[in-house]
$ cat start.pdb   # PDB, C-alpha atoms, pLDDT in the B column
ATOM      1  CA  MET A 163    -145.389 -37.321-134.898  1.00 50.00           C
ATOM      2  CA  PHE A 164    -142.729 -37.441-137.599  1.00 52.00           C
ATOM      3  CA  SER A 165    -142.696 -33.659-137.966  1.00 57.00           C
ATOM      4  CA  PHE A 166    -142.084 -33.332-134.214  1.00 53.00           C
ATOM      5  CA  VAL A 167    -139.078 -35.672-134.352  1.00 48.00           C
ATOM      6  CA  LYS A 168    -137.839 -33.971-137.517  1.00 50.00           C
ATOM      7  CA  ASN A 169    -137.956 -30.539-135.820  1.00 51.00           C
ATOM      8  CA  ILE A 170    -136.016 -31.834-132.823  1.00 50.00           C
ATOM      9  CA  LEU A 171    -133.322 -33.272-135.049  1.00 51.00           C
ATOM     10  CA  LYS A 172    -133.094 -30.047-137.076  1.00 51.00           C
ATOM     11  CA  LYS A 173    -132.381 -27.858-134.037  1.00 50.00           C
ATOM     12  CA  LYS A 174    -128.895 -26.487-134.150  1.00 52.00           C
ATOM     13  CA  VAL A 175    -126.766 -27.517-131.211  1.00 54.00           C
ATOM     14  CA  HIS A 176    -124.833 -24.557-129.823  1.00 53.00           C
ATOM     15  CA  LYS A 177    -121.180 -25.177-129.046  1.00 58.00           C
ATOM     16  CA  PRO A 178    -120.080 -22.943-126.125  1.00 53.00           C
ATOM     17  CA  HIS A 179    -116.824 -21.840-127.771  1.00 59.00           C
ATOM     18  CA  GLU A 180    -118.574 -21.025-131.056  1.00 72.00           C
ATOM     19  CA  LEU A 181    -119.581 -17.368-131.065  1.00 86.00           C
ATOM     20  CA  ASN A 182    -122.419 -16.379-133.378  1.00 90.00           C
ATOM     21  CA  PRO A 183    -123.774 -12.828-133.647  1.00 92.00           C
ATOM     22  CA  GLY A 184    -126.783 -12.540-131.376  1.00 92.00           C
ATOM     23  CA  SER A 185    -125.694 -15.226-128.908  1.00 94.00           C
ATOM     24  CA  ILE A 186    -126.492 -14.224-125.334  1.00 94.00           C
ATOM     25  CA  TYR A 187    -124.308 -15.230-122.418  1.00 95.00           C
ATOM     26  CA  ALA A 188    -125.141 -14.762-118.730  1.00 95.00           C
ATOM     27  CA  VAL A 189    -122.327 -13.669-116.431  1.00 95.00           C
ATOM     28  CA  LEU A 190    -122.562 -15.868-113.330  1.00 95.00           C
ATOM     29  CA  HIS A 191    -119.522 -14.721-111.318  1.00 93.00           C
ATOM     30  CA  GLY A 192    -117.093 -11.837-110.999  1.00 90.00           C
ATOM     31  CA  VAL A 193    -117.273  -8.083-111.447  1.00 90.00           C
ATOM     32  CA  TYR A 194    -119.950  -8.237-114.171  1.00 92.00           C
ATOM     33  CA  VAL A 195    -122.228 -10.760-112.438  1.00 94.00           C
ATOM     34  CA  GLY A 196    -125.862 -10.287-113.424  1.00 94.00           C
ATOM     35  CA  GLU A 197    -125.117  -8.898-116.859  1.00 95.00           C
ATOM     36  CA  MET A 198    -126.175 -10.518-120.107  1.00 96.00           C
ATOM     37  CA  LEU A 199    -123.628 -10.223-122.914  1.00 96.00           C
ATOM     38  CA  VAL A 200    -124.921 -10.110-126.494  1.00 96.00           C
ATOM     39  CA  TYR A 201    -122.149 -11.114-128.897  1.00 95.00           C
ATOM     40  CA  ILE A 202    -121.677  -8.580-131.724  1.00 95.00           C
ATOM     41  CA  GLU A 203    -118.331  -9.203-133.430  1.00 94.00           C
ATOM     42  CA  THR A 204    -114.717 -10.315-133.142  1.00 93.00           C
ATOM     43  CA  THR A 205    -111.696  -8.226-133.997  1.00 93.00           C
ATOM     44  CA  ILE A 206    -108.032  -9.056-133.572  1.00 90.00           C
ATOM     45  CA  ASN A 207    -107.825 -11.037-130.301  1.00 91.00           C
ATOM     46  CA  LYS A 208    -111.010  -9.492-128.839  1.00 95.00           C
ATOM     47  CA  ASN A 209    -114.673 -10.417-128.695  1.00 95.00           C
ATOM     48  CA  HIS A 210    -117.130  -7.520-128.599  1.00 96.00           C
ATOM     49  CA  PHE A 211    -120.413  -7.627-126.692  1.00 97.00           C
ATOM     50  CA  LEU A 212    -123.272  -5.330-125.742  1.00 96.00           C
ATOM     51  CA  SER A 213    -123.955  -5.631-122.027  1.00 96.00           C
ATOM     52  CA  ILE A 214    -127.609  -5.801-121.016  1.00 92.00           C
ATOM     53  CA  PRO A 215    -129.178  -4.099-118.999  1.00 90.00           C
ATOM     54  CA  LYS A 216    -126.402  -1.489-118.742  1.00 93.00           C
ATOM     55  CA  MET A 217    -126.332  -1.045-122.549  1.00 94.00           C
ATOM     56  CA  ILE A 218    -122.575  -0.538-122.620  1.00 96.00           C
ATOM     57  CA  ASN A 219    -119.935  -2.137-124.820  1.00 96.00           C
ATOM     58  CA  ARG A 220    -117.635  -4.787-123.400  1.00 96.00           C
ATOM     59  CA  GLU A 221    -114.418  -5.977-125.055  1.00 96.00           C
ATOM     60  CA  ILE A 222    -113.133  -9.314-123.800  1.00 95.00           C
ATOM     61  CA  PRO A 223    -109.806 -10.778-124.946  1.00 95.00           C
ATOM     62  CA  MET A 224    -110.199 -14.228-126.518  1.00 93.00           C
ATOM     63  CA  ASP A 225    -108.014 -15.961-123.931  1.00 93.00           C
ATOM     64  CA  LYS A 226    -110.070 -14.531-121.046  1.00 94.00           C
ATOM     65  CA  TRP A 227    -113.310 -15.456-122.833  1.00 93.00           C
ATOM     66  CA  LYS A 228    -112.169 -19.078-123.161  1.00 92.00           C
ATOM     67  CA  LEU A 229    -111.144 -19.079-119.496  1.00 93.00           C
ATOM     68  CA  ALA A 230    -114.585 -17.714-118.515  1.00 93.00           C
ATOM     69  CA  LEU A 231    -116.368 -20.432-120.504  1.00 92.00           C
ATOM     70  CA  ASP A 232    -114.145 -23.222-119.191  1.00 92.00           C
ATOM     71  CA  ASN A 233    -114.646 -22.128-115.575  1.00 93.00           C
ATOM     72  CA  ASN A 234    -118.409 -21.525-115.803  1.00 92.00           C
ATOM     73  CA  ILE A 235    -118.078 -17.790-115.256  1.00 94.00           C
ATOM     74  CA  VAL A 236    -120.291 -17.211-118.299  1.00 95.00           C
ATOM     75  CA  GLU A 237    -122.969 -19.491-119.680  1.00 93.00           C
ATOM     76  CA  PHE A 238    -124.767 -19.572-123.030  1.00 93.00           C
ATOM     77  CA  VAL A 239    -128.451 -18.647-122.675  1.00 92.00           C
ATOM     78  CA  GLU A 240    -129.940 -18.351-126.173  1.00 91.00           C
ATOM     79  CA  SER A 241    -129.633 -16.694-129.564  1.00 91.00           C
ATOM     80  CA  ILE A 242    -131.809 -13.658-130.168  1.00 91.00           C
ATOM     81  CA  PRO A 243    -133.943 -13.098-133.298  1.00 91.00           C
ATOM     82  CA  LYS A 244    -132.491 -11.056-136.174  1.00 91.00           C
ATOM     83  CA  GLN A 245    -134.664  -8.021-135.408  1.00 93.00           C
ATOM     84  CA  GLU A 246    -133.361  -7.835-131.843  1.00 93.00           C
ATOM     85  CA  LEU A 247    -129.798  -8.363-133.068  1.00 94.00           C
ATOM     86  CA  GLN A 248    -130.208  -5.359-135.359  1.00 95.00           C
ATOM     87  CA  VAL A 249    -131.302  -3.212-132.403  1.00 94.00           C
ATOM     88  CA  CYS A 250    -128.394  -4.428-130.253  1.00 94.00           C
ATOM     89  CA  SER A 251    -125.907  -3.860-133.089  1.00 95.00           C
ATOM     90  CA  ALA A 252    -127.230  -0.337-133.617  1.00 95.00           C
ATOM     91  CA  GLN A 253    -126.835   0.415-129.888  1.00 95.00           C
ATOM     92  CA  TYR A 254    -123.308  -1.053-129.930  1.00 95.00           C
ATOM     93  CA  LYS A 255    -122.330   1.154-132.888  1.00 95.00           C
ATOM     94  CA  HIS A 256    -123.922   4.201-131.247  1.00 96.00           C
ATOM     95  CA  ASN A 257    -121.891   3.555-128.069  1.00 94.00           C
ATOM     96  CA  LYS A 258    -118.654   3.373-130.090  1.00 90.00           C
ATOM     97  CA  GLN A 259    -119.112   6.940-131.333  1.00 86.00           C
TER      98      GLN A 259
END
$ encode --input "start.pdb" --output "structure tokens"
Amino acid sequence: MFSFVKNILKKKVHKPHELNPGSIYAVLHGVYVGEMLVYIETTINKNHFLSIPKMINREIPMDKWKLALDNNIVEFVESIPKQELQVCSAQYKHNKQ
């Protein structure tokens, strides 16, 4: 019983505006509706994602990303395991070339 409670308390709470590599967001409205965005990295004023299932790179300016989160255009789904993140990162880098 105590281990169950301990595991619940240990779970990391995801903050919507906090981007972590491997976080998956569902696009609920707009041009990209139906896509899942896997967060890869942030560069100057842009967040970079791999779009699933299209397997293409998406660059979203930070101000538009915040607007999308605030207006429920995108929604956090889950964080993927490290092995899957490595595959997504490799595909993202391959697409950049």
$ residues_around --input "start.pdb" --residues "Met217 (chain A)" --least-positions-apart "3" --cutoff "9 Å" --atoms "all atoms listed in the file" --output "number ranges by chain"
A: 212-214, 250, 253-254, 257
$ atom_distance --input "start.pdb" --atom1 "CA of Val249 (chain A)" --atom2 "CA of Pro183 (chain A)"
12.3 Å
$ residues_around --input "start.pdb" --residues "region 190-198 of chain A" --least-positions-apart "3" --cutoff "8 Å" --atoms "only C-alpha atoms" --output "MDAnalysis selection string"
chainID A and resid 186:187 213:216 234:237
$ atom_distance --input "start.pdb" --atom1 "CA of Glu246 (chain A)" --atom2 "CA of Asp232 (chain A)"
27.7 Å
$ closest_residue --input "start.pdb" --among "A:Gln259, A:Ser241, A:Ser185, A:Asn233" --to "His210 (chain A)" --atoms "all atoms listed in the file"
A:Ser185
$ closest_residue --input "start.pdb" --among "A:Asn182, A:Leu199, A:Thr205, A:Glu240" --to "Asn219 (chain A)" --atoms "all atoms listed in the file"
A:Leu199
$ atom_distance --input "start.pdb" --atom1 "CA of Lys228 (chain A)" --atom2 "CA of Lys244 (chain A)"
25.4 Å
$ closest_residue --input "start.pdb" --among "A:Ile202, A:Ile242, A:Leu181, A:Ile218" --to "Lys258 (chain A)" --atoms "all atoms listed in the file"
A:Ile218
$ closest_residue --input "start.pdb" --among "A:Val239, A:Asn209, A:Glu203, A:Trp227" --to "Lys255 (chain A)" --atoms "all atoms listed in the file"
A:Glu203
$ axis_aligned_box --input "start.pdb" --around "region 198-206 of chain A" --padding-each-side "4 Å" --output "JSON"
{"center_x": -117.1, "center_y": -9.7, "center_z": -127.1, "size_x": 26.1, "size_y": 10.9, "size_z": 21.9}
$ build_atoms --input "start.pdb" --residues "region 187-198 of chain A" --atoms "all heavy atoms" --output "CSV table (one decimal), keeping the file's coordinate frame"
chain,number,residue,atom,x,y,z
A,187,TYR,N,-125.0,-14.5,-123.5
A,187,TYR,CA,-124.3,-15.2,-122.4
A,187,TYR,C,-124.6,-14.5,-121.1
A,187,TYR,O,-124.5,-13.3,-121.0
A,187,TYR,CB,-122.8,-15.2,-122.7
A,187,TYR,CG,-122.4,-16.1,-123.9
A,187,TYR,CD1,-122.4,-15.5,-125.1
A,187,TYR,CD2,-122.1,-17.4,-123.7
A,187,TYR,CE1,-122.1,-16.3,-126.2
A,187,TYR,CE2,-121.7,-18.2,-124.8
A,187,TYR,CZ,-121.8,-17.6,-126.1
A,187,TYR,OH,-121.4,-18.4,-127.2
A,188,ALA,N,-124.9,-15.3,-120.1
A,188,ALA,CA,-125.1,-14.8,-118.7
A,188,ALA,C,-123.8,-14.8,-118.0
A,188,ALA,O,-123.1,-15.8,-118.0
A,188,ALA,CB,-126.2,-15.6,-118.0
A,189,VAL,N,-123.5,-13.7,-117.3
A,189,VAL,CA,-122.3,-13.7,-116.4
A,189,VAL,C,-122.7,-14.1,-115.0
A,189,VAL,O,-123.6,-13.5,-114.4
A,189,VAL,CB,-121.7,-12.3,-116.4
A,189,VAL,CG1,-120.5,-12.2,-115.5
A,189,VAL,CG2,-121.4,-11.8,-117.8
A,190,LEU,N,-122.2,-15.2,-114.6
A,190,LEU,CA,-122.6,-15.9,-113.3
A,190,LEU,C,-121.7,-15.5,-112.1
A,190,LEU,O,-122.1,-15.6,-111.0
A,190,LEU,CB,-122.6,-17.4,-113.5
A,190,LEU,CG,-123.4,-17.9,-114.7
A,190,LEU,CD1,-123.2,-19.4,-114.8
A,190,LEU,CD2,-124.8,-17.6,-114.5
A,191,HIS,N,-120.5,-15.0,-112.4
A,191,HIS,CA,-119.5,-14.7,-111.3
A,191,HIS,C,-118.7,-13.5,-111.7
A,191,HIS,O,-118.5,-13.2,-112.9
A,191,HIS,CB,-118.6,-15.9,-111.0
A,191,HIS,CG,-119.3,-17.2,-110.7
A,191,HIS,ND1,-119.9,-17.4,-109.5
A,191,HIS,CD2,-119.6,-18.3,-111.5
A,191,HIS,CE1,-120.5,-18.6,-109.5
A,191,HIS,NE2,-120.3,-19.1,-110.7
A,192,GLY,N,-118.1,-12.9,-110.7
A,192,GLY,CA,-117.1,-11.8,-111.0
A,192,GLY,C,-117.7,-10.4,-111.0
A,192,GLY,O,-118.8,-10.2,-110.5
A,193,VAL,N,-116.9,-9.5,-111.5
A,193,VAL,CA,-117.3,-8.1,-111.4
A,193,VAL,C,-118.6,-7.8,-112.2
A,193,VAL,O,-119.4,-7.0,-111.8
A,193,VAL,CB,-116.1,-7.2,-112.0
A,193,VAL,CG1,-116.5,-5.8,-112.1
A,193,VAL,CG2,-114.9,-7.4,-111.2
A,194,TYR,N,-118.8,-8.5,-113.3
A,194,TYR,CA,-120.0,-8.2,-114.2
A,194,TYR,C,-121.1,-9.2,-113.9
A,194,TYR,O,-122.0,-9.3,-114.8
A,194,TYR,CB,-119.5,-8.3,-115.6
A,194,TYR,CG,-118.4,-7.4,-115.9
A,194,TYR,CD1,-117.2,-7.8,-116.4
A,194,TYR,CD2,-118.5,-6.0,-115.7
A,194,TYR,CE1,-116.1,-7.0,-116.7
A,194,TYR,CE2,-117.4,-5.1,-116.0
A,194,TYR,CZ,-116.2,-5.6,-116.5
A,194,TYR,OH,-115.2,-4.8,-116.7
A,195,VAL,N,-121.2,-9.8,-112.8
A,195,VAL,CA,-122.2,-10.8,-112.4
A,195,VAL,C,-123.6,-10.1,-112.6
A,195,VAL,O,-123.8,-8.9,-112.3
A,195,VAL,CB,-122.1,-11.3,-111.0
A,195,VAL,CG1,-122.3,-10.3,-110.0
A,195,VAL,CG2,-123.0,-12.5,-110.8
A,196,GLY,N,-124.5,-10.8,-113.2
A,196,GLY,CA,-125.9,-10.3,-113.4
A,196,GLY,C,-126.1,-9.7,-114.8
A,196,GLY,O,-127.2,-9.4,-115.2
A,197,GLU,N,-125.0,-9.5,-115.5
A,197,GLU,CA,-125.1,-8.9,-116.9
A,197,GLU,C,-125.3,-10.0,-117.9
A,197,GLU,O,-124.9,-11.1,-117.7
A,197,GLU,CB,-123.9,-8.1,-117.2
A,197,GLU,CG,-123.7,-6.8,-116.4
A,197,GLU,CD,-122.5,-6.0,-116.9
A,197,GLU,OE1,-122.1,-6.1,-118.1
A,197,GLU,OE2,-122.0,-5.2,-116.1
A,198,MET,N,-126.0,-9.6,-119.0
A,198,MET,CA,-126.2,-10.5,-120.1
A,198,MET,C,-125.3,-9.9,-121.2
A,198,MET,O,-125.5,-8.7,-121.5
A,198,MET,CB,-127.6,-10.6,-120.5
A,198,MET,CG,-128.6,-11.1,-119.4
A,198,MET,SD,-128.3,-12.8,-118.9
A,198,MET,CE,-129.3,-13.6,-120.1
